[in-house]
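Dropping run.cif in here (mmCIF, C-alpha atoms):
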data_target
loop_
_atom_site.label_atom_id
_atom_site.label_comp_id
_atom_site.auth_asym_id
_atom_site.auth_seq_id
_atom_site.Cartn_x
_atom_site.Cartn_y
_atom_site.Cartn_z
CA MET A 1 13.22 -69.73 -19.41
CA ASN A 2 11.18 -71.27 -16.64
CA GLY A 3 9.34 -70.34 -13.48
CA ALA A 4 9.72 -66.75 -12.38
CA SER A 5 11.58 -65.68 -15.52
CA ARG A 6 8.78 -66.88 -17.78
CA GLU A 7 6.26 -64.82 -15.82
CA ALA A 8 8.56 -61.79 -15.82
CA LEU A 9 9.02 -62.02 -19.59
CA SER A 10 5.28 -62.32 -20.13
CA SER A 11 4.71 -59.14 -18.10
CA ALA A 12 7.49 -57.34 -19.99
CA ARG A 13 5.92 -58.28 -23.32
CA GLU A 14 2.61 -56.83 -22.17
CA ARG A 15 4.29 -53.59 -21.12
CA LEU A 16 6.10 -53.38 -24.46
CA ASP A 17 2.82 -53.88 -26.33
CA ALA A 18 1.19 -51.15 -24.25
CA LEU A 19 4.06 -48.80 -25.06
CA THR A 20 4.14 -49.50 -28.78
CA ASP A 21 0.36 -49.28 -29.08
CA ASN A 22 0.93 -45.56 -28.53
CA ALA A 23 1.68 -44.08 -31.96
CA SER A 24 3.77 -41.35 -30.36
CA VAL A 25 6.37 -43.92 -29.25
CA ASP A 26 9.14 -44.37 -31.81
CA ALA A 27 9.37 -48.18 -31.91
CA ALA A 28 12.64 -48.19 -33.88
CA ARG A 29 14.31 -45.83 -31.38
CA LEU A 30 12.95 -47.94 -28.51
CA ALA A 31 14.49 -51.01 -30.15
CA GLU A 32 17.84 -49.25 -30.40
CA ASP A 33 17.71 -48.23 -26.73
CA LEU A 34 16.77 -51.72 -25.55
CA ALA A 35 19.55 -53.21 -27.65
CA ALA A 36 22.02 -50.83 -25.99
CA VAL A 37 20.83 -51.90 -22.53
CA THR A 38 21.12 -55.53 -23.60
CA SER A 39 24.73 -54.98 -24.61
CA LEU A 40 25.51 -53.16 -21.36
CA LEU A 41 24.08 -55.89 -19.11
CA HIS A 42 25.70 -58.63 -21.16
CA ARG A 43 29.11 -57.01 -20.58
CA GLU A 44 28.58 -55.97 -16.96
CA THR A 45 27.95 -59.25 -15.17
CA SER A 46 28.11 -57.76 -11.67
CA LEU A 47 25.55 -55.09 -12.55
CA ARG A 48 23.27 -57.71 -14.06
CA ARG A 49 23.46 -59.73 -10.85
CA VAL A 50 22.63 -56.73 -8.70
CA LEU A 51 19.60 -55.88 -10.85
CA THR A 52 18.26 -59.43 -10.56
CA ASP A 53 19.20 -60.05 -6.92
CA PRO A 54 16.02 -61.18 -5.12
CA VAL A 55 17.42 -59.90 -1.82
CA GLN A 56 17.45 -56.31 -3.08
CA SER A 57 14.18 -54.39 -2.93
CA GLU A 58 12.27 -53.91 -6.16
CA GLU A 59 12.30 -50.14 -5.77
CA ALA A 60 16.04 -50.01 -5.09
CA LYS A 61 16.76 -51.97 -8.26
CA ALA A 62 14.41 -49.79 -10.32
CA GLN A 63 16.03 -46.61 -8.98
CA LEU A 64 19.51 -47.95 -9.76
CA ALA A 65 18.49 -48.77 -13.33
CA GLY A 66 16.97 -45.33 -13.71
CA ARG A 67 20.10 -43.55 -12.49
CA LEU A 68 22.38 -45.58 -14.75
CA LEU A 69 20.27 -45.13 -17.87
CA ASP A 70 19.20 -41.51 -17.37
CA GLY A 71 20.49 -39.47 -20.30
CA GLN A 72 21.64 -42.58 -22.13
CA VAL A 73 18.29 -43.83 -23.46
CA GLN A 74 14.79 -42.42 -23.80
CA GLY A 75 12.30 -42.37 -20.96
CA SER A 76 10.14 -45.10 -22.48
CA ALA A 77 13.09 -47.50 -22.41
CA ILE A 78 13.97 -46.54 -18.83
CA ASP A 79 10.37 -47.16 -17.74
CA LEU A 80 10.34 -50.55 -19.42
CA VAL A 81 13.70 -51.64 -17.97
CA SER A 82 12.75 -50.35 -14.51
CA GLY A 83 9.62 -52.48 -14.62
CA MET A 84 11.63 -55.50 -15.68
CA VAL A 85 14.15 -55.26 -12.82
CA ARG A 86 11.26 -55.05 -10.36
CA SER A 87 10.27 -58.54 -11.50
CA ARG A 88 11.85 -61.73 -10.19
CA TRP A 89 14.19 -63.62 -12.55
CA SER A 90 15.28 -67.23 -12.12
CA GLN A 91 18.80 -66.36 -13.29
CA SER A 92 20.47 -63.09 -14.23
CA ARG A 93 21.05 -64.10 -17.85
CA ASP A 94 17.29 -64.36 -18.37
CA LEU A 95 16.95 -60.60 -17.97
CA VAL A 96 19.40 -60.03 -20.83
CA ASP A 97 17.67 -62.63 -23.02
CA ALA A 98 14.35 -60.91 -22.37
CA LEU A 99 15.71 -57.46 -23.21
CA GLU A 100 17.16 -58.80 -26.44
CA GLU A 101 13.80 -60.27 -27.41
CA LEU A 102 11.99 -57.02 -26.63
CA ALA A 103 14.48 -55.04 -28.72
CA ALA A 104 13.82 -57.32 -31.70
CA THR A 105 10.07 -57.16 -31.14
CA ALA A 106 10.15 -53.36 -31.04
CA ASP A 107 12.00 -53.31 -34.37
CA LEU A 108 9.47 -55.73 -35.86
CA THR A 109 6.67 -53.52 -34.56
CA ALA A 110 8.24 -50.60 -36.45
CA ALA A 111 8.22 -52.72 -39.60
CA GLN A 112 4.60 -53.72 -38.99
CA ARG A 113 3.55 -50.09 -38.58
CA ALA A 114 5.19 -49.29 -41.91
CA GLY A 115 3.48 -52.23 -43.62
CA ARG A 116 6.86 -53.90 -44.21
CA LEU A 117 6.66 -56.87 -41.85
CA ASP A 118 6.00 -59.40 -44.63
CA ASN A 119 9.16 -58.25 -46.38
CA VAL A 120 11.20 -58.58 -43.19
CA GLU A 121 9.91 -62.12 -42.58
CA ASP A 122 10.78 -63.19 -46.10
CA GLU A 123 14.21 -61.55 -45.98
CA LEU A 124 15.10 -63.25 -42.70
CA PHE A 125 14.13 -66.59 -44.17
CA ARG A 126 16.05 -66.04 -47.40
CA PHE A 127 19.13 -64.82 -45.56
CA GLY A 128 19.04 -67.95 -43.42
CA ARG A 129 19.00 -70.09 -46.55
CA ILE A 130 21.93 -68.14 -48.02
CA VAL A 131 23.97 -68.65 -44.85
CA GLU A 132 23.22 -72.38 -44.83
CA SER A 133 24.37 -72.79 -48.42
CA ASP A 134 27.44 -70.50 -48.33
CA THR A 135 30.01 -71.90 -45.92
CA GLY A 136 32.45 -69.07 -46.65
CA LEU A 137 29.90 -66.42 -45.73
CA ARG A 138 28.89 -68.28 -42.60
CA ALA A 139 32.53 -68.58 -41.55
CA ALA A 140 33.11 -64.86 -42.06
CA LEU A 141 30.02 -63.92 -40.04
CA THR A 142 30.74 -66.30 -37.16
CA ASP A 143 34.52 -65.85 -36.92
CA LYS A 144 35.17 -65.02 -33.26
CA ALA A 145 38.50 -63.40 -34.13
CA ALA A 146 36.98 -60.96 -36.61
CA PRO A 147 36.01 -57.53 -35.21
CA ALA A 148 32.32 -56.68 -35.01
CA SER A 149 32.90 -53.65 -37.24
CA SER A 150 34.13 -55.89 -40.08
CA LYS A 151 31.09 -58.12 -39.80
CA ALA A 152 28.78 -55.12 -39.75
CA ALA A 153 30.48 -53.74 -42.87
CA LEU A 154 30.08 -57.08 -44.64
CA LEU A 155 26.38 -57.18 -43.78
CA ALA A 156 25.94 -53.58 -44.95
CA ALA A 157 27.45 -54.56 -48.29
CA LEU A 158 25.20 -57.62 -48.54
CA LEU A 159 21.94 -56.15 -47.27
CA GLY A 160 22.21 -52.39 -47.63
CA SER A 161 19.76 -51.09 -50.25
CA ARG A 162 18.70 -54.69 -50.94
CA ALA A 163 16.79 -55.39 -47.73
CA GLU A 164 14.54 -53.57 -45.30
CA ALA A 165 16.36 -51.39 -42.76
CA VAL A 166 14.78 -53.44 -39.96
CA THR A 167 16.13 -56.67 -41.46
CA GLU A 168 19.64 -55.23 -41.61
CA ARG A 169 19.46 -53.99 -38.01
CA LEU A 170 18.19 -57.33 -36.70
CA VAL A 171 20.77 -59.41 -38.55
CA THR A 172 23.62 -57.05 -37.67
CA ARG A 173 22.81 -57.22 -33.96
CA LEU A 174 22.58 -60.99 -34.16
CA VAL A 175 25.93 -61.35 -35.93
CA THR A 176 27.88 -58.78 -33.92
CA GLN A 177 26.40 -59.81 -30.55
CA PRO A 178 25.69 -63.56 -30.83
CA ARG A 179 25.82 -64.15 -27.06
CA GLY A 180 26.61 -67.83 -27.47
CA ARG A 181 23.91 -68.69 -30.02
CA SER A 182 24.44 -70.15 -33.45
CA LEU A 183 23.62 -67.88 -36.35
CA GLU A 184 20.98 -70.34 -37.60
CA ASP A 185 19.23 -70.51 -34.21
CA GLY A 186 19.22 -66.75 -33.96
CA LEU A 187 17.66 -66.33 -37.39
CA ARG A 188 14.98 -68.92 -36.59
CA SER A 189 14.21 -67.08 -33.36
CA LEU A 190 13.83 -63.78 -35.22
CA SER A 191 11.53 -65.41 -37.76
CA GLY A 192 9.40 -66.75 -34.93
CA LEU A 193 9.14 -63.30 -33.35
CA ALA A 194 8.15 -61.80 -36.70
CA ALA A 195 5.39 -64.39 -37.09
CA ALA A 196 4.19 -63.77 -33.55
CA ARG A 197 3.47 -60.15 -34.41
CA ARG A 198 0.41 -61.49 -36.22
CA ASP A 199 -0.15 -64.37 -33.81
CA ARG A 200 1.07 -66.71 -36.52
CA MET A 201 3.31 -69.73 -36.49
CA VAL A 202 6.05 -70.26 -39.07
CA ALA A 203 6.11 -73.44 -41.15
CA VAL A 204 9.23 -74.05 -43.24
CA VAL A 205 8.01 -76.08 -46.23
CA THR A 206 10.51 -77.91 -48.42
CA SER A 207 9.32 -79.47 -51.68
CA ALA A 208 10.92 -80.93 -54.80
CA VAL A 209 9.14 -78.40 -57.03
CA PRO A 210 7.50 -75.04 -56.27
CA LEU A 211 4.01 -75.32 -54.79
CA THR A 212 1.17 -73.67 -56.67
CA ASP A 213 -0.82 -70.90 -55.02
CA ALA A 214 -3.72 -73.33 -54.53
CA GLN A 215 -1.43 -75.90 -52.88
CA GLN A 216 0.03 -73.26 -50.59
CA GLN A 217 -3.44 -72.14 -49.56
CA ARG A 218 -4.63 -75.70 -48.87
CA LEU A 219 -1.51 -76.53 -46.88
CA GLY A 220 -1.79 -73.33 -44.84
CA THR A 221 -5.44 -74.08 -44.08
CA VAL A 222 -4.70 -77.65 -42.99
CA LEU A 223 -1.80 -76.62 -40.76
CA ALA A 224 -3.81 -73.79 -39.20
CA ARG A 225 -6.57 -76.25 -38.39
CA ILE A 226 -4.10 -78.70 -36.83
CA TYR A 227 -2.24 -76.13 -34.72
CA GLY A 228 -5.11 -73.76 -34.02
CA ARG A 229 -3.19 -70.70 -35.19
CA GLN A 230 -2.69 -68.81 -38.43
CA MET A 231 0.29 -70.22 -40.29
CA HIS A 232 2.93 -68.36 -42.30
CA LEU A 233 4.63 -70.56 -44.92
CA ASN A 234 8.31 -70.11 -45.72
CA LEU A 235 8.83 -72.03 -48.98
CA ASP A 236 12.02 -73.75 -50.05
CA VAL A 237 12.67 -75.91 -53.11
CA ASP A 238 15.12 -78.81 -52.88
CA PRO A 239 15.18 -81.33 -55.78
CA GLU A 240 16.93 -83.84 -53.53
CA VAL A 241 13.72 -84.55 -51.61
CA LEU A 242 12.51 -86.29 -54.84
CA GLY A 243 8.81 -85.78 -54.15
CA GLY A 244 6.26 -84.82 -51.51
CA ILE A 245 6.91 -82.13 -48.93
CA SER A 246 8.66 -81.69 -45.61
CA VAL A 247 7.25 -79.26 -43.05
CA ARG A 248 9.16 -77.96 -40.03
CA ILE A 249 7.30 -76.03 -37.33
CA GLY A 250 9.62 -75.12 -34.50
CA ASP A 251 11.32 -78.34 -33.43
CA GLU A 252 8.65 -80.55 -35.01
CA ILE A 253 9.17 -82.03 -38.46
CA ILE A 254 6.42 -83.53 -40.60
CA ASP A 255 8.22 -85.36 -43.37
CA GLY A 256 6.26 -86.78 -46.30
CA THR A 257 9.01 -86.80 -48.90
CA ILE A 258 9.95 -89.77 -51.08
CA GLN A 259 13.57 -89.36 -49.95
CA GLU A 260 12.58 -89.81 -46.33
CA ARG A 261 10.64 -92.97 -47.17
CA LEU A 262 13.63 -94.33 -49.12
CA ASP A 263 15.93 -93.52 -46.23
CA GLU A 264 13.59 -95.29 -43.82
CA ALA A 265 13.47 -98.35 -46.06
CA ASN A 266 17.28 -98.40 -46.19
CA ARG A 267 17.45 -98.14 -42.42
CA GLN A 268 15.07 -101.07 -42.02
CA LEU A 269 16.99 -103.18 -44.55
CA GLY A 270 20.25 -102.33 -42.85
CA GLY A 271 18.87 -103.49 -39.52
CA ARG A 272 18.08 -107.00 -40.75
#
Please rewrite the model in this file as structure tokens.
Amino acid sequence: MNGASREALSSARERLDALTDNASVDAARLAEDLAAVTSLLHRETSLRRVLTDPVQSEEAKAQLAGRLLDGQVQGSAIDLVSGMVRSRWSQSRDLVDALEELAATADLTAAQRAGRLDNVEDELFRFGRIVESDTGLRAALTDKAAPASSKAALLAALLGSRAEAVTERLVTRLVTQPRGRSLEDGLRSLSGLAAARRDRMVAVVTSAVPLTDAQQQRLGTVLARIYGRQMHLNLDVDPEVLGGISVRIGDEIIDGTIQERLDEANRQLGGR
């Protein structure tokens, strides 16, 4: 997002935080309601355009949203969506992207309240690794011809009773409503949102052998000092890196593995 949409999303995040700071607000139900609105606006392109049309008055758009959603979702969701359509969006799709993010954040807030956010973070990371390594599973979950109900049933069999309820809900929404994203990108985005609940960044650390607790602590301290934010480490072991560690933070990769140095040497030799 850029320009007006970025500002609108920032305001929406603040309103969501204000809502979920109130213990009387059911964050999980709010997530469900926002996900339903996301699905509606993704399907109804003309409605989405009307609600983001800068020519229409803010109040008219808010009233339209309120009439459409009344009786379908709770009042807290209607208030939040009404505030969002009063904002200016650079393109109509940005409103849907923002709603989807807020739905995920509300679910993560529910997990945080229950003291289960660490589990959700770890499960999202592990599920991402499983998908990367199991081409058959990935194909089944991303098959455009397969009905959403079949994918949801597969995920229920894989995650039900083995993972947090929030993890299952987040992954199921991602798989059944991908909205043009790859499964891997969607999982990384969810991991980032989970980390942001504690104002932390996520570092995916790959090493040839498991890091000791002391090594993890030192690495986390160094990365936090470099980036100026608390760092959550997702640890992965891959014997093929041969030695050292590789760290990925967002789109940035810090590679100190022996394999990378060998590959670089081969590239230099090949260029002569």
Selected by the PyMOL selection byres ((chain A and resi 250-260) around 10) in the shown coordinates: which residues, as a list of chain:residue names?
A:Arg188, A:Ser189, A:Gly192, A:Met201, A:Val202, A:Ala203, A:Val204, A:Val205, A:Thr206, A:Ser207, A:Ala208, A:Glu240, A:Val241, A:Leu242, A:Gly243, A:Gly244, A:Ile245, A:Ser246, A:Val247, A:Arg248, A:Ile249, A:Arg261, A:Leu262, A:Asp263, A:Glu264, A:Ala265, A:Asn266
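Of the listed residues A:Ala60, A:Ala152, A:Val55, A:Ile130, the one whose atoms come nearest to Trp89 in chain A is A:Val55, with distances taken using all atoms listed in the file.
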Which residues fall under the PyMOL selection byres ((chain A and resi 91-99) around 6) in this file, as a compact mmCIF listing (two decimals) with C-alpha atoms, keeping the file's coordinate frame?
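Everything below was put into part01.txt:
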# COMPACT_ATOMS: atom_id res chain seq x y z
CA THR A 38 21.12 -55.53 -23.60
CA ARG A 49 23.46 -59.73 -10.85
CA THR A 52 18.26 -59.43 -10.56
CA TRP A 89 14.19 -63.62 -12.55
CA SER A 90 15.28 -67.23 -12.12
CA GLU A 100 17.16 -58.80 -26.44
CA GLU A 101 13.80 -60.27 -27.41
CA LEU A 102 11.99 -57.02 -26.63
Under the rule that all atoms listed in the file are counted, which of A:Ala31, A:Met84, A:Leu170, A:Val131 is the nearest residue to Arg6 in chain A?
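The closest residue to Arg6 in chain A is A:Met84.
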Evaluate the PyMOL selection byres ((chain A and resi 129) around 12) against this structure - the residues, as a list of chain:residue names, please.
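When the PyMOL selection byres ((chain A and resi 129) around 12) is applied to the shown file, the picked residues are A:Asp122, A:Glu123, A:Leu124, A:Phe125, A:Arg126, A:Phe127, A:Gly128, A:Ile130, A:Val131, A:Glu132, A:Ser133, A:Asp134, A:Thr135, A:Leu137, A:Arg138, A:Leu183, A:Glu184, A:Leu187, A:Arg188, A:Val204, A:Thr206, A:Asn234, A:Leu235, A:Asp236, A:Val237, A:Asp238.
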Test item: which residues lie within 12 Å of (0.5, -63.2, -30.7) counting all atoms listed in the file, as a CSV table (one decimal) with C-alpha atoms, keeping the file's coordinate frame:
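Saved as result19.csv:
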chain,number,residue,atom,x,y,z
A,10,SER,CA,5.3,-62.3,-20.1
A,13,ARG,CA,5.9,-58.3,-23.3
A,14,GLU,CA,2.6,-56.8,-22.2
A,17,ASP,CA,2.8,-53.9,-26.3
A,105,THR,CA,10.1,-57.2,-31.1
A,192,GLY,CA,9.4,-66.8,-34.9
A,193,LEU,CA,9.1,-63.3,-33.4
A,194,ALA,CA,8.2,-61.8,-36.7
A,195,ALA,CA,5.4,-64.4,-37.1
A,196,ALA,CA,4.2,-63.8,-33.6
A,197,ARG,CA,3.5,-60.2,-34.4
A,198,ARG,CA,0.4,-61.5,-36.2
A,199,ASP,CA,-0.2,-64.4,-33.8
A,200,ARG,CA,1.1,-66.7,-36.5
A,201,MET,CA,3.3,-69.7,-36.5
A,229,ARG,CA,-3.2,-70.7,-35.2
A,230,GLN,CA,-2.7,-68.8,-38.4
A,231,MET,CA,0.3,-70.2,-40.3
Quick one: residues within 12 Å of Ser149 in chain A, all atoms listed in the file counted, chain neighbours fewer than 3 positions away excluded, as a PyMOL selection string?
chain A and resi 141+145-146+152-156+172-173+175-177
Residues at most 12 Å from Arg29 in chain A, counting all atoms listed in the file, excluding those fewer than 2 positions away in the same chain, as a list in words?
Thr20, Ser24, Val25, Asp26, Ala27, Ala31, Glu32, Asp33, Leu34, Ala35, Ala36, Val73, Gln74, Gly75, Ser76, Ala77, Ala103, Ala104, Ala106, Asp107, Leu108, Thr109, Ala110, Val166 and Arg169 of chain A
Give me a file of those residues, with C-alpha atoms, as a PDB file, in the frame of the given file.
ATOM      1  CA  THR A  20       4.140 -49.500 -28.780  1.00  0.00           C
ATOM      2  CA  SER A  24       3.770 -41.350 -30.360  1.00  0.00           C
ATOM      3  CA  VAL A  25       6.370 -43.920 -29.250  1.00  0.00           C
ATOM      4  CA  ASP A  26       9.140 -44.370 -31.810  1.00  0.00           C
ATOM      5  CA  ALA A  27       9.370 -48.180 -31.910  1.00  0.00           C
ATOM      6  CA  ALA A  31      14.490 -51.010 -30.150  1.00  0.00           C
ATOM      7  CA  GLU A  32      17.840 -49.250 -30.400  1.00  0.00           C
ATOM      8  CA  ASP A  33      17.710 -48.230 -26.730  1.00  0.00           C
ATOM      9  CA  LEU A  34      16.770 -51.720 -25.550  1.00  0.00           C
ATOM     10  CA  ALA A  35      19.550 -53.210 -27.650  1.00  0.00           C
ATOM     11  CA  ALA A  36      22.020 -50.830 -25.990  1.00  0.00           C
ATOM     12  CA  VAL A  73      18.290 -43.830 -23.460  1.00  0.00           C
ATOM     13  CA  GLN A  74      14.790 -42.420 -23.800  1.00  0.00           C
ATOM     14  CA  GLY A  75      12.300 -42.370 -20.960  1.00  0.00           C
ATOM     15  CA  SER A  76      10.140 -45.100 -22.480  1.00  0.00           C
ATOM     16  CA  ALA A  77      13.090 -47.500 -22.410  1.00  0.00           C
ATOM     17  CA  ALA A 103      14.480 -55.040 -28.720  1.00  0.00           C
ATOM     18  CA  ALA A 104      13.820 -57.320 -31.700  1.00  0.00           C
ATOM     19  CA  ALA A 106      10.150 -53.360 -31.040  1.00  0.00           C
ATOM     20  CA  ASP A 107      12.000 -53.310 -34.370  1.00  0.00           C
ATOM     21  CA  LEU A 108       9.470 -55.730 -35.860  1.00  0.00           C
ATOM     22  CA  THR A 109       6.670 -53.520 -34.560  1.00  0.00           C
ATOM     23  CA  ALA A 110       8.240 -50.600 -36.450  1.00  0.00           C
ATOM     24  CA  VAL A 166      14.780 -53.440 -39.960  1.00  0.00           C
ATOM     25  CA  ARG A 169      19.460 -53.990 -38.010  1.00  0.00           C
TER      26      ARG A 169
END
Interatomic distance between CA of Thr167 in chain A and CA of Gln112 in chain A?
12.2 Å
Could you state the separation of CA of Ser82 in chain A and CA of Ala62 in chain A in Å, given to one decimal place?
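Between CA of Ser82 in chain A and CA of Ala62 in chain A the gap works out to 4.5 Å.
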Would you mind telling me which residue in A:Pro147, A:Thr221, A:Asp79, A:Val120 lies nearest to Leu19 in chain A when using all atoms listed in the file?
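Among the listed residues, A:Asp79 lies closest to Leu19 in chain A.
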In Å and to one decimal, CA of Leu159 in chain A is distant from CA of Val171 in chain A by 9.4 Å
Nearest to Thr142 in chain A: which of A:Ile78, A:Leu190, A:Leu174, A:Ala165 is it, counting all atoms listed in the file?
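Looking only at the distances to Thr142 in chain A, the closest residue turns out to be A:Leu174.
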Using only C-alpha atoms, determine which residues lie at most 8 Å from Leu80 in chain A, disregarding the query and same-chain residues fewer than 5 positions distant; provide the list as a PDB file with C-alpha atoms, in the coordinates of the input.
ATOM      1  CA  ALA A  12       7.490 -57.340 -19.990  1.00  0.00           C
ATOM      2  CA  ARG A  15       4.290 -53.590 -21.120  1.00  0.00           C
ATOM      3  CA  LEU A  16       6.100 -53.380 -24.460  1.00  0.00           C
TER       4      LEU A  16
END
Looking at all atoms listed in the file, which of A:Val85, A:Ala23, A:Leu40, A:Ala8 is the one that sits closest to Asp53 in chain A?
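Looking at the shortest contact to Asp53 in chain A, the residue is A:Val85.
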Could you tell me which of A:Asp21, A:Lys144, A:Glu7, A:His232 comes closest to Arg179 in chain A if we count all atoms listed in the file?
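Checking each of A:Asp21, A:Lys144, A:Glu7, A:His232 against Arg179 in chain A, counting all atoms listed in the file, the winner is A:Lys144.
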